[in-house]
file model.txt (compact mmCIF, C-alpha atoms and all ligand atoms)
# COMPACT_ATOMS: atom_id res chain seq x y z
CA MET E 3 -72.47 -39.47 4.39
CA LEU E 4 -70.05 -37.19 2.56
CA THR E 5 -66.29 -37.61 2.19
CA ASP E 6 -63.98 -34.62 2.49
CA THR E 7 -61.38 -35.87 0.01
CA HIS E 8 -58.86 -33.12 0.75
CA CYS E 9 -58.24 -31.57 4.15
CA HIS E 10 -55.16 -30.51 6.11
CA LEU E 11 -56.08 -31.58 9.63
CA TYR E 12 -52.58 -31.08 11.08
CA TYR E 13 -52.93 -27.30 11.37
CA ASP E 14 -53.02 -26.36 15.05
CA GLU E 15 -56.41 -24.65 14.92
CA ILE E 16 -57.98 -27.91 13.69
CA LYS E 17 -55.77 -30.50 15.37
CA LYS E 18 -56.08 -29.15 18.89
CA ASP E 19 -59.85 -29.22 18.55
CA LEU E 20 -60.16 -32.35 16.42
CA SER E 21 -62.91 -34.21 18.27
CA ARG E 22 -65.15 -31.11 18.21
CA VAL E 23 -64.30 -30.55 14.53
CA LEU E 24 -65.22 -34.16 13.68
CA ASP E 25 -68.44 -33.98 15.73
CA ASP E 26 -69.47 -30.83 13.87
CA ALA E 27 -68.62 -32.51 10.56
CA GLU E 28 -70.80 -35.48 11.43
CA LYS E 29 -73.70 -33.15 12.22
CA LEU E 30 -73.30 -31.70 8.72
CA GLY E 31 -73.25 -35.17 7.15
CA VAL E 32 -69.49 -35.52 6.61
CA ASP E 33 -67.90 -38.57 8.17
CA ARG E 34 -64.91 -39.61 6.06
CA PHE E 35 -61.75 -37.59 5.53
CA ILE E 36 -58.52 -37.67 3.58
CA CYS E 37 -55.79 -35.77 5.37
CA VAL E 38 -53.38 -34.59 2.70
CA GLY E 39 -49.65 -34.04 3.27
CA THR E 40 -47.60 -31.28 1.65
CA ASN E 41 -44.09 -32.37 2.66
CA VAL E 42 -42.46 -35.31 4.48
CA GLN E 43 -43.11 -33.99 7.98
CA LYS E 44 -46.74 -33.03 7.30
CA SER E 45 -47.36 -36.37 5.59
CA ARG E 46 -46.08 -38.13 8.70
CA GLU E 47 -48.44 -36.01 10.83
CA CYS E 48 -51.32 -36.95 8.50
CA LEU E 49 -50.58 -40.63 9.06
CA GLU E 50 -50.43 -40.14 12.83
CA ILE E 51 -53.84 -38.45 12.76
CA ALA E 52 -55.28 -41.14 10.45
CA ASN E 53 -54.03 -43.87 12.78
CA THR E 54 -56.11 -42.47 15.63
CA HIS E 55 -59.45 -42.41 13.74
CA LYS E 56 -61.14 -45.15 11.77
CA LYS E 57 -62.55 -42.85 9.09
CA ILE E 58 -59.57 -40.59 8.53
CA TYR E 59 -57.20 -41.64 5.75
CA ALA E 60 -53.98 -39.97 4.68
CA SER E 61 -51.81 -39.16 1.69
CA ALA E 62 -48.10 -38.43 1.41
CA GLY E 63 -46.40 -36.13 -1.04
CA ILE E 64 -44.50 -32.94 -1.72
CA HIS E 65 -46.54 -29.86 -2.66
CA PRO E 66 -45.08 -27.70 -5.46
CA HIS E 67 -44.44 -24.92 -2.91
CA ASP E 68 -42.33 -27.35 -0.87
CA ALA E 69 -40.49 -28.83 -3.85
CA LYS E 70 -37.52 -26.49 -3.33
CA ASP E 71 -36.94 -27.82 0.20
CA THR E 72 -36.79 -31.55 -0.49
CA SER E 73 -33.89 -33.59 0.90
CA LYS E 74 -31.97 -36.05 -1.25
CA ASP E 75 -33.84 -39.05 0.13
CA TYR E 76 -37.31 -37.47 0.19
CA LEU E 77 -38.71 -40.02 -2.26
CA ASP E 78 -37.61 -42.93 -0.02
CA GLN E 79 -39.25 -41.22 2.95
CA ILE E 80 -42.52 -40.73 1.07
CA PHE E 81 -42.32 -44.31 -0.18
CA ASN E 82 -41.90 -45.60 3.40
CA LEU E 83 -44.89 -43.62 4.66
CA LEU E 84 -47.00 -44.94 1.79
CA LYS E 85 -46.52 -48.53 2.97
CA SER E 86 -49.22 -48.01 5.59
CA ASP E 87 -52.74 -49.24 4.75
CA LYS E 88 -54.06 -45.88 5.91
CA MET E 89 -52.04 -44.12 3.17
CA ILE E 90 -54.31 -44.12 0.16
CA ALA E 91 -52.69 -41.72 -2.32
CA VAL E 92 -49.59 -39.83 -3.38
CA GLY E 93 -50.23 -36.14 -2.83
CA GLU E 94 -50.48 -33.43 -2.89
CA ILE E 95 -48.15 -33.09 -5.82
CA GLY E 96 -48.34 -30.89 -8.91
CA LEU E 97 -47.47 -27.46 -10.25
CA ASP E 98 -48.28 -23.94 -9.03
CA TYR E 99 -47.20 -21.21 -11.46
CA TYR E 100 -49.45 -18.66 -9.77
CA ARG E 101 -47.16 -18.26 -6.81
CA ASN E 102 -43.99 -19.96 -8.12
CA ILE E 103 -42.67 -20.40 -4.58
CA SER E 104 -40.38 -23.11 -5.99
CA GLU E 105 -38.71 -22.66 -9.38
CA PRO E 106 -40.84 -24.20 -12.14
CA GLU E 107 -37.98 -26.51 -13.08
CA ILE E 108 -37.77 -27.90 -9.55
CA GLN E 109 -41.56 -28.21 -9.36
CA ASN E 110 -41.57 -30.25 -12.56
CA ARG E 111 -38.78 -32.56 -11.42
CA VAL E 112 -40.40 -33.28 -8.05
CA PHE E 113 -43.84 -33.74 -9.66
CA ARG E 114 -42.44 -36.24 -12.17
CA GLU E 115 -40.50 -38.17 -9.54
CA GLN E 116 -43.63 -38.59 -7.46
CA MET E 117 -45.71 -39.60 -10.49
CA GLY E 118 -43.09 -42.30 -11.04
CA LEU E 119 -43.52 -43.41 -7.44
CA ALA E 120 -47.31 -43.55 -7.82
CA GLN E 121 -46.87 -45.69 -10.91
CA LEU E 122 -44.51 -48.02 -9.07
CA ILE E 123 -46.71 -48.53 -6.00
CA LYS E 124 -49.99 -48.39 -7.95
CA LYS E 125 -51.66 -45.71 -5.87
CA PRO E 126 -53.67 -42.76 -7.20
CA VAL E 127 -52.37 -39.20 -7.05
CA ILE E 128 -53.92 -36.02 -5.69
CA PHE E 129 -52.62 -33.18 -7.80
CA HIS E 130 -52.62 -29.43 -7.37
CA ASN E 131 -52.68 -27.25 -10.48
CA ARG E 132 -52.62 -23.50 -10.45
CA ASP E 133 -52.07 -21.65 -13.73
CA ALA E 134 -50.16 -24.65 -15.06
CA ASP E 135 -52.69 -26.55 -17.23
CA THR E 136 -50.36 -27.25 -20.15
CA ASP E 137 -47.40 -28.45 -18.12
CA VAL E 138 -49.54 -30.50 -15.72
CA LEU E 139 -51.14 -32.25 -18.64
CA LYS E 140 -47.74 -32.97 -20.19
CA VAL E 141 -46.62 -34.72 -17.01
CA LEU E 142 -49.87 -36.68 -16.58
CA LEU E 143 -49.67 -37.94 -20.17
CA ASP E 144 -46.16 -39.27 -19.54
CA PHE E 145 -47.57 -41.60 -16.84
CA PRO E 146 -50.58 -43.20 -18.54
CA ASP E 147 -50.95 -45.94 -15.90
CA VAL E 148 -51.52 -43.44 -13.10
CA ILE E 149 -54.94 -42.08 -12.19
CA GLY E 150 -56.02 -39.61 -9.56
CA VAL E 151 -57.82 -36.37 -8.92
CA ALA E 152 -57.47 -32.74 -9.98
CA HIS E 153 -57.97 -31.26 -6.51
CA CYS E 154 -59.57 -27.85 -5.95
CA PHE E 155 -60.28 -27.62 -9.66
CA SER E 156 -60.15 -24.04 -10.92
CA SER E 157 -59.44 -24.32 -14.66
CA ASN E 158 -61.84 -24.24 -17.61
CA LEU E 159 -64.24 -26.83 -19.03
CA GLU E 160 -61.92 -27.90 -21.80
CA ILE E 161 -59.16 -28.89 -19.42
CA ALA E 162 -61.69 -30.59 -17.10
CA LYS E 163 -62.83 -32.75 -20.01
CA THR E 164 -59.25 -33.53 -20.94
CA PHE E 165 -58.51 -34.70 -17.38
CA LEU E 166 -61.66 -36.87 -17.47
CA ASP E 167 -60.64 -38.34 -20.82
CA ILE E 168 -57.35 -39.57 -19.41
CA GLY E 169 -59.03 -41.16 -16.40
CA TYR E 170 -58.82 -38.50 -13.72
CA TYR E 171 -61.55 -37.29 -11.36
CA ILE E 172 -62.36 -33.62 -10.73
CA SER E 173 -62.69 -32.33 -7.18
CA PHE E 174 -64.49 -29.15 -6.24
CA ALA E 175 -63.80 -27.04 -3.15
CA GLY E 176 -65.32 -23.92 -1.60
CA ASN E 177 -64.52 -21.74 -4.60
CA LEU E 178 -67.40 -23.50 -6.39
CA THR E 179 -69.73 -21.50 -4.13
CA PHE E 180 -68.12 -18.08 -4.66
CA LYS E 181 -70.11 -15.33 -6.31
CA ASN E 182 -69.15 -14.79 -9.98
CA SER E 183 -67.20 -18.07 -10.09
CA HIS E 184 -66.95 -19.72 -13.51
CA LEU E 185 -66.87 -23.13 -11.85
CA PRO E 186 -70.65 -23.84 -11.71
CA GLU E 187 -70.67 -23.65 -15.53
CA VAL E 188 -67.87 -26.22 -15.59
CA ALA E 189 -69.36 -28.51 -12.94
CA LYS E 190 -72.68 -28.57 -14.76
CA GLU E 191 -71.12 -30.28 -17.78
CA LEU E 192 -69.28 -32.99 -15.85
CA PRO E 193 -70.73 -36.46 -15.14
CA LEU E 194 -71.57 -37.11 -11.49
CA ASP E 195 -69.67 -40.38 -11.49
CA ARG E 196 -66.37 -38.51 -11.86
CA ILE E 197 -66.75 -35.68 -9.33
CA LEU E 198 -65.39 -35.45 -5.79
CA VAL E 199 -65.90 -32.82 -3.09
CA GLU E 200 -63.42 -31.39 -0.61
CA THR E 201 -62.74 -28.44 1.68
CA ASP E 202 -58.95 -27.96 1.41
CA CYS E 203 -59.36 -26.69 4.98
CA PRO E 204 -58.21 -24.58 6.73
CA TYR E 205 -58.25 -22.63 3.43
CA LEU E 206 -61.05 -21.66 1.07
CA SER E 207 -64.13 -21.63 3.28
CA PRO E 208 -67.27 -21.89 1.17
CA VAL E 209 -70.14 -19.41 1.27
CA PRO E 210 -71.61 -18.63 3.88
CA TYR E 211 -68.27 -18.90 5.72
CA ARG E 212 -66.07 -17.29 3.07
CA GLY E 213 -63.00 -15.62 4.59
CA LYS E 214 -63.23 -17.60 7.85
CA PRO E 215 -61.02 -20.59 8.76
CA ASN E 216 -62.41 -23.66 7.06
CA GLU E 217 -63.31 -27.06 8.56
CA PRO E 218 -64.06 -30.48 7.01
CA GLY E 219 -67.80 -30.28 7.81
CA ARG E 220 -68.17 -27.54 5.25
CA THR E 221 -67.82 -30.09 2.49
CA ARG E 222 -71.59 -30.02 2.97
CA PHE E 223 -71.89 -26.55 1.39
CA VAL E 224 -69.84 -27.58 -1.63
CA ALA E 225 -72.07 -30.65 -2.04
CA GLU E 226 -75.24 -28.53 -1.69
CA LYS E 227 -73.99 -26.20 -4.39
CA LEU E 228 -73.27 -29.16 -6.65
CA ALA E 229 -76.78 -30.52 -6.02
CA ASP E 230 -78.14 -27.13 -7.03
CA ILE E 231 -76.06 -27.00 -10.19
CA HIS E 232 -77.03 -30.52 -11.28
CA ASN E 233 -80.61 -30.09 -10.13
CA VAL E 234 -80.55 -33.25 -8.00
CA SER E 235 -81.00 -33.86 -4.27
CA LEU E 236 -78.17 -33.59 -1.78
CA ASP E 237 -78.61 -37.34 -1.22
CA VAL E 238 -77.71 -38.06 -4.82
CA ILE E 239 -74.56 -35.94 -4.57
CA THR E 240 -73.66 -37.56 -1.26
CA ILE E 241 -74.02 -41.08 -2.60
CA LYS E 242 -72.28 -40.40 -5.90
CA THR E 243 -69.30 -38.43 -4.60
CA SER E 244 -68.68 -40.87 -1.74
CA GLU E 245 -68.88 -43.83 -4.11
CA ASN E 246 -66.41 -42.06 -6.38
CA ALA E 247 -64.02 -41.53 -3.46
CA THR E 248 -64.34 -45.20 -2.48
CA THR E 249 -63.57 -46.31 -6.02
CA LEU E 250 -60.69 -43.94 -6.75
CA PHE E 251 -58.92 -44.34 -3.42
CA ASN E 252 -59.85 -47.98 -2.92
CA LEU E 253 -61.43 -47.25 0.47
CA PRO E 254 -63.40 -49.83 2.45
CA SER E 255 -67.05 -49.23 1.53
ZN ZN V 1 -53.61 -27.69 -3.32
ZN ZN V 2 -54.36 -28.79 -0.13
call {"tool": "encode", "arguments": {"input": "model.txt", "output": "structure tokens"}}
result
Amino acid sequence: MLTDTHCHLYYDEIKKDLSRVLDDAEKLGVDRFICVGTNVQKSRECLEIANTHKKIYASAGIHPHDAKDTSKDYLDQIFNLLKSDKMIAVGEIGLDYYRNISEPEIQNRVFREQMGLAQLIKKPVIFHNRDADTDVLKVLLDFPDVIGVAHCFSSNLEIAKTFLDIGYYISFAGNLTFKNSHLPEVAKELPLDRILVETDCPYLSPVPYRGKPNEPGRTRFVAEKLADIHNVSLDVITIKTSENATTLFNLPS
């Protein structure tokens, strides 16, 4: 079965319908989920959701968009949430220079502080990177003991290889399936033992649901596309990507 390594299950349209959403996911071959927080409150909600389902895990972190709104003690709050066994990563953290909703300087400070936390508690990170390759890399290189995943990868092959070289995994979302995407060319060159799949739902629905609200079950379409690209069966992709998730996030196998 597949693992959706990045979903935001706390959005009302998903949360209020969660048992139906999970049933549909199971029918599509997706039965493990990482519910990713974007600020303290959302991270707490992720943990609450994870605590009600055996195969939902959670992460806690401050998204670059939310970096401008952090309280003085945000790091302590994230640290406390991460004490739970169900909390398997620090994230999502990172830099987003495409929208620059928080000042780049603030984004960088909050990213670095959370990388420091990940190093301290020895948990992997889930990072977001939009139009910020150089600066993201700079931060990652300053924390050589930390590993994690480049979520919703959208950069070029060179940067993908650089992330792999320093121990990170690459995660593909629905944009892998979009017409005219450069990502299949990137994915083709990456080893299957370092790739993850995700939905980033409720955003980024893959083809054939592009433009509609996304759900965790649609990890299936990302995995099918990856199978196509690598010319292997869906089973191979399922086994590999789920093994990778188990290894990176130290999940029970
Ligand atoms: Zn993101
Ligand atoms: Zn996300």
call {"tool": "residues_near_point", "arguments": {"input": "model.txt", "point": "(-66.0, -40.2, -1.9)", "cutoff": "8 Å", "atoms": "only C-alpha atoms", "output": "ChimeraX atom specification"}}
result
/E:4-7,198-199,242-249
call {"tool": "closest_atom_pairs", "arguments": {"input": "model.txt", "of": "chain E", "to": "ligand ZN 1 (chain V)", "cutoff": "10 Å", "atoms": "all atoms listed in the file", "output": "Markdown table"}}
result
| residue | atom | partner | partner_atom | distance |
| --- | --- | --- | --- | --- |
| E:His8 | CA | V:ZN1 | ZN | 8.6 |
| E:Cys9 | CA | V:ZN1 | ZN | 9.6 |
| E:His10 | CA | V:ZN1 | ZN | 10.0 |
| E:Val38 | CA | V:ZN1 | ZN | 9.2 |
| E:Gly39 | CA | V:ZN1 | ZN | 10.0 |
| E:Thr40 | CA | V:ZN1 | ZN | 8.6 |
| E:His65 | CA | V:ZN1 | ZN | 7.4 |
| E:Pro66 | CA | V:ZN1 | ZN | 8.8 |
| E:His67 | CA | V:ZN1 | ZN | 9.6 |
| E:Gly93 | CA | V:ZN1 | ZN | 9.1 |
| E:Glu94 | CA | V:ZN1 | ZN | 6.6 |
| E:Ile95 | CA | V:ZN1 | ZN | 8.1 |
| E:Gly96 | CA | V:ZN1 | ZN | 8.3 |
| E:Leu97 | CA | V:ZN1 | ZN | 9.3 |
| E:Asp98 | CA | V:ZN1 | ZN | 8.7 |
| E:Ile128 | CA | V:ZN1 | ZN | 8.7 |
| E:Phe129 | CA | V:ZN1 | ZN | 7.2 |
| E:His130 | CA | V:ZN1 | ZN | 4.5 |
| E:Asn131 | CA | V:ZN1 | ZN | 7.2 |
| E:Arg132 | CA | V:ZN1 | ZN | 8.3 |
| E:Ala152 | CA | V:ZN1 | ZN | 9.2 |
| E:His153 | CA | V:ZN1 | ZN | 6.5 |
| E:Cys154 | CA | V:ZN1 | ZN | 6.5 |
| E:Phe155 | CA | V:ZN1 | ZN | 9.2 |
| E:Asp202 | CA | V:ZN1 | ZN | 7.1 |
| E:Tyr205 | CA | V:ZN1 | ZN | 9.6 |
call {"tool": "closest_residue", "arguments": {"input": "model.txt", "among": "E:Leu192, E:Ile80, E:Ile103, E:Ala134", "to": "Ser157 of chain E", "atoms": "only C-alpha atoms"}}
result
E:Ala134
call {"tool": "atom_distance", "arguments": {"input": "model.txt", "atom1": "atom CA of Leu206 of chain E", "atom2": "atom CA of Tyr99 of chain E"}}
result
18.7 Å
call {"tool": "closest_residue", "arguments": {"input": "model.txt", "among": "E:Asn216, E:Thr201, E:Gln43, E:Thr179", "to": "ligand ZN 2 (chain V)", "atoms": "all atoms listed in the file"}}
result
E:Thr201
call {"tool": "closest_residue", "arguments": {"input": "model.txt", "among": "E:Ile58, E:Ile64, E:Lys29, E:Asn233", "to": "Ser45 of chain E", "atoms": "only C-alpha atoms"}}
result
E:Ile64
call {"tool": "atom_distance", "arguments": {"input": "model.txt", "atom1": "atom CA of Phe113 of chain E", "atom2": "atom CA of Val148 of chain E"}}
result
12.8 Å
call {"tool": "atom_distance", "arguments": {"input": "model.txt", "atom1": "atom CA of Ser156 of chain E", "atom2": "atom CA of Tyr211 of chain E"}}
result
19.2 Å
call {"tool": "closest_residue", "arguments": {"input": "model.txt", "among": "E:Asp167, E:Asp137, E:Glu115, E:Glu226", "to": "Pro208 of chain E", "atoms": "all atoms listed in the file"}}
result
E:Glu226
call {"tool": "closest_residue", "arguments": {"input": "model.txt", "among": "E:Arg111, E:Val92, E:Arg34, E:Phe223", "to": "Thr72 of chain E", "atoms": "only C-alpha atoms"}}
result
E:Arg111
call {"tool": "closest_residue", "arguments": {"input": "model.txt", "among": "E:Glu187, E:Glu200, E:Glu15, E:Glu107", "to": "Ile172 of chain E", "atoms": "only C-alpha atoms"}}
result
E:Glu200
call {"tool": "decode", "arguments": {"input": "model.txt", "residues": "segment 92-188 of chain E", "atoms": "C-alpha atoms", "output": "PDB file, in the first residue's frame"}}
result
ATOM      1  CA  VAL E  92       9.777  18.707  11.772  1.00  0.00           C
ATOM      2  CA  GLY E  93       7.808  20.391   9.015  1.00  0.00           C
ATOM      3  CA  GLU E  94       6.806  21.875   6.960  1.00  0.00           C
ATOM      4  CA  ILE E  95       9.621  24.353   7.133  1.00  0.00           C
ATOM      5  CA  GLY E  96      11.600  26.067   4.377  1.00  0.00           C
ATOM      6  CA  LEU E  97      11.626  29.058   2.061  1.00  0.00           C
ATOM      7  CA  ASP E  98       9.089  30.399  -0.432  1.00  0.00           C
ATOM      8  CA  TYR E  99      10.396  33.301  -2.519  1.00  0.00           C
ATOM      9  CA  TYR E 100       7.637  32.860  -5.086  1.00  0.00           C
ATOM     10  CA  ARG E 101       5.007  34.396  -2.861  1.00  0.00           C
ATOM     11  CA  ASN E 102       7.204  36.007  -0.178  1.00  0.00           C
ATOM     12  CA  ILE E 103       4.268  36.191   2.228  1.00  0.00           C
ATOM     13  CA  SER E 104       6.837  36.514   5.031  1.00  0.00           C
ATOM     14  CA  GLU E 105       9.966  38.634   4.544  1.00  0.00           C
ATOM     15  CA  PRO E 106      12.858  36.488   3.276  1.00  0.00           C
ATOM     16  CA  GLU E 107      14.907  37.429   6.327  1.00  0.00           C
ATOM     17  CA  ILE E 108      12.216  36.167   8.695  1.00  0.00           C
ATOM     18  CA  GLN E 109      11.746  33.014   6.604  1.00  0.00           C
ATOM     19  CA  ASN E 110      15.456  32.273   6.849  1.00  0.00           C
ATOM     20  CA  ARG E 111      15.591  32.824  10.613  1.00  0.00           C
ATOM     21  CA  VAL E 112      12.586  30.588  11.312  1.00  0.00           C
ATOM     22  CA  PHE E 113      13.864  27.910   8.894  1.00  0.00           C
ATOM     23  CA  ARG E 114      17.271  27.854  10.595  1.00  0.00           C
ATOM     24  CA  GLU E 115      15.802  27.750  14.092  1.00  0.00           C
ATOM     25  CA  GLN E 116      13.708  24.733  13.171  1.00  0.00           C
ATOM     26  CA  MET E 117      16.652  22.993  11.473  1.00  0.00           C
ATOM     27  CA  GLY E 118      18.461  23.449  14.782  1.00  0.00           C
ATOM     28  CA  LEU E 119      15.533  21.856  16.583  1.00  0.00           C
ATOM     29  CA  ALA E 120      15.522  18.903  14.167  1.00  0.00           C
ATOM     30  CA  GLN E 121      19.213  18.426  14.810  1.00  0.00           C
ATOM     31  CA  LEU E 122      18.673  18.522  18.567  1.00  0.00           C
ATOM     32  CA  ILE E 123      15.805  16.010  18.650  1.00  0.00           C
ATOM     33  CA  LYS E 124      17.185  13.882  15.794  1.00  0.00           C
ATOM     34  CA  LYS E 125      14.070  13.902  13.647  1.00  0.00           C
ATOM     35  CA  PRO E 126      13.957  14.378   9.867  1.00  0.00           C
ATOM     36  CA  VAL E 127      12.602  17.542   8.269  1.00  0.00           C
ATOM     37  CA  ILE E 128       9.978  18.081   5.591  1.00  0.00           C
ATOM     38  CA  PHE E 129      10.986  21.170   3.682  1.00  0.00           C
ATOM     39  CA  HIS E 130       9.166  23.408   1.242  1.00  0.00           C
ATOM     40  CA  ASN E 131      11.190  25.203  -1.424  1.00  0.00           C
ATOM     41  CA  ARG E 132       9.748  27.548  -3.973  1.00  0.00           C
ATOM     42  CA  ASP E 133      12.121  29.637  -6.090  1.00  0.00           C
ATOM     43  CA  ALA E 134      14.691  29.486  -3.294  1.00  0.00           C
ATOM     44  CA  ASP E 135      17.122  26.716  -4.345  1.00  0.00           C
ATOM     45  CA  THR E 136      20.332  28.556  -3.456  1.00  0.00           C
ATOM     46  CA  ASP E 137      19.245  29.775  -0.043  1.00  0.00           C
ATOM     47  CA  VAL E 138      17.577  26.474   0.905  1.00  0.00           C
ATOM     48  CA  LEU E 139      20.754  24.634   0.060  1.00  0.00           C
ATOM     49  CA  LYS E 140      22.822  27.066   2.125  1.00  0.00           C
ATOM     50  CA  VAL E 141      20.687  26.345   5.184  1.00  0.00           C
ATOM     51  CA  LEU E 142      20.684  22.557   4.659  1.00  0.00           C
ATOM     52  CA  LEU E 143      24.474  22.527   4.365  1.00  0.00           C
ATOM     53  CA  ASP E 144      24.784  24.310   7.707  1.00  0.00           C
ATOM     54  CA  PHE E 145      23.038  21.357   9.405  1.00  0.00           C
ATOM     55  CA  PRO E 146      24.874  18.327   8.020  1.00  0.00           C
ATOM     56  CA  ASP E 147      23.451  15.931  10.635  1.00  0.00           C
ATOM     57  CA  VAL E 148      19.868  16.572   9.562  1.00  0.00           C
ATOM     58  CA  ILE E 149      18.142  14.614   6.805  1.00  0.00           C
ATOM     59  CA  GLY E 150      14.665  14.882   5.366  1.00  0.00           C
ATOM     60  CA  VAL E 151      12.657  15.377   2.225  1.00  0.00           C
ATOM     61  CA  ALA E 152      12.285  18.051  -0.443  1.00  0.00           C
ATOM     62  CA  HIS E 153       8.488  18.012  -0.527  1.00  0.00           C
ATOM     63  CA  CYS E 154       6.505  18.778  -3.688  1.00  0.00           C
ATOM     64  CA  PHE E 155       9.741  18.968  -5.630  1.00  0.00           C
ATOM     65  CA  SER E 156       9.555  21.474  -8.475  1.00  0.00           C
ATOM     66  CA  SER E 157      13.178  22.458  -9.186  1.00  0.00           C
ATOM     67  CA  ASN E 158      15.598  21.130 -11.810  1.00  0.00           C
ATOM     68  CA  LEU E 159      17.619  17.914 -12.036  1.00  0.00           C
ATOM     69  CA  GLU E 160      20.828  19.497 -10.837  1.00  0.00           C
ATOM     70  CA  ILE E 161      19.312  20.631  -7.563  1.00  0.00           C
ATOM     71  CA  ALA E 162      17.557  17.263  -7.134  1.00  0.00           C
ATOM     72  CA  LYS E 163      20.914  15.524  -7.408  1.00  0.00           C
ATOM     73  CA  THR E 164      22.465  17.961  -4.956  1.00  0.00           C
ATOM     74  CA  PHE E 165      19.720  17.234  -2.407  1.00  0.00           C
ATOM     75  CA  LEU E 166      20.272  13.488  -2.909  1.00  0.00           C
ATOM     76  CA  ASP E 167      24.024  13.914  -2.460  1.00  0.00           C
ATOM     77  CA  ILE E 168      23.561  15.466   0.955  1.00  0.00           C
ATOM     78  CA  GLY E 169      21.207  12.702   2.091  1.00  0.00           C
ATOM     79  CA  TYR E 170      17.760  14.070   1.352  1.00  0.00           C
ATOM     80  CA  TYR E 171      14.835  12.328  -0.350  1.00  0.00           C
ATOM     81  CA  ILE E 172      12.778  13.855  -3.165  1.00  0.00           C
ATOM     82  CA  SER E 173       8.987  13.816  -2.978  1.00  0.00           C
ATOM     83  CA  PHE E 174       6.723  14.229  -5.977  1.00  0.00           C
ATOM     84  CA  ALA E 175       3.163  15.559  -5.886  1.00  0.00           C
ATOM     85  CA  GLY E 176       0.377  16.051  -8.442  1.00  0.00           C
ATOM     86  CA  ASN E 177       2.401  18.493 -10.527  1.00  0.00           C
ATOM     87  CA  LEU E 178       4.398  15.475 -11.753  1.00  0.00           C
ATOM     88  CA  THR E 179       1.304  14.541 -13.784  1.00  0.00           C
ATOM     89  CA  PHE E 180       0.675  17.968 -15.337  1.00  0.00           C
ATOM     90  CA  LYS E 181       0.928  18.397 -19.078  1.00  0.00           C
ATOM     91  CA  ASN E 182       4.195  20.055 -20.172  1.00  0.00           C
ATOM     92  CA  SER E 183       5.757  19.564 -16.717  1.00  0.00           C
ATOM     93  CA  HIS E 184       9.552  19.297 -16.662  1.00  0.00           C
ATOM     94  CA  LEU E 185       9.328  16.996 -13.649  1.00  0.00           C
ATOM     95  CA  PRO E 186       9.056  13.622 -15.474  1.00  0.00           C
ATOM     96  CA  GLU E 187      12.493  14.334 -16.991  1.00  0.00           C
ATOM     97  CA  VAL E 188      13.832  14.935 -13.486  1.00  0.00           C
TER      98      VAL E 188
END
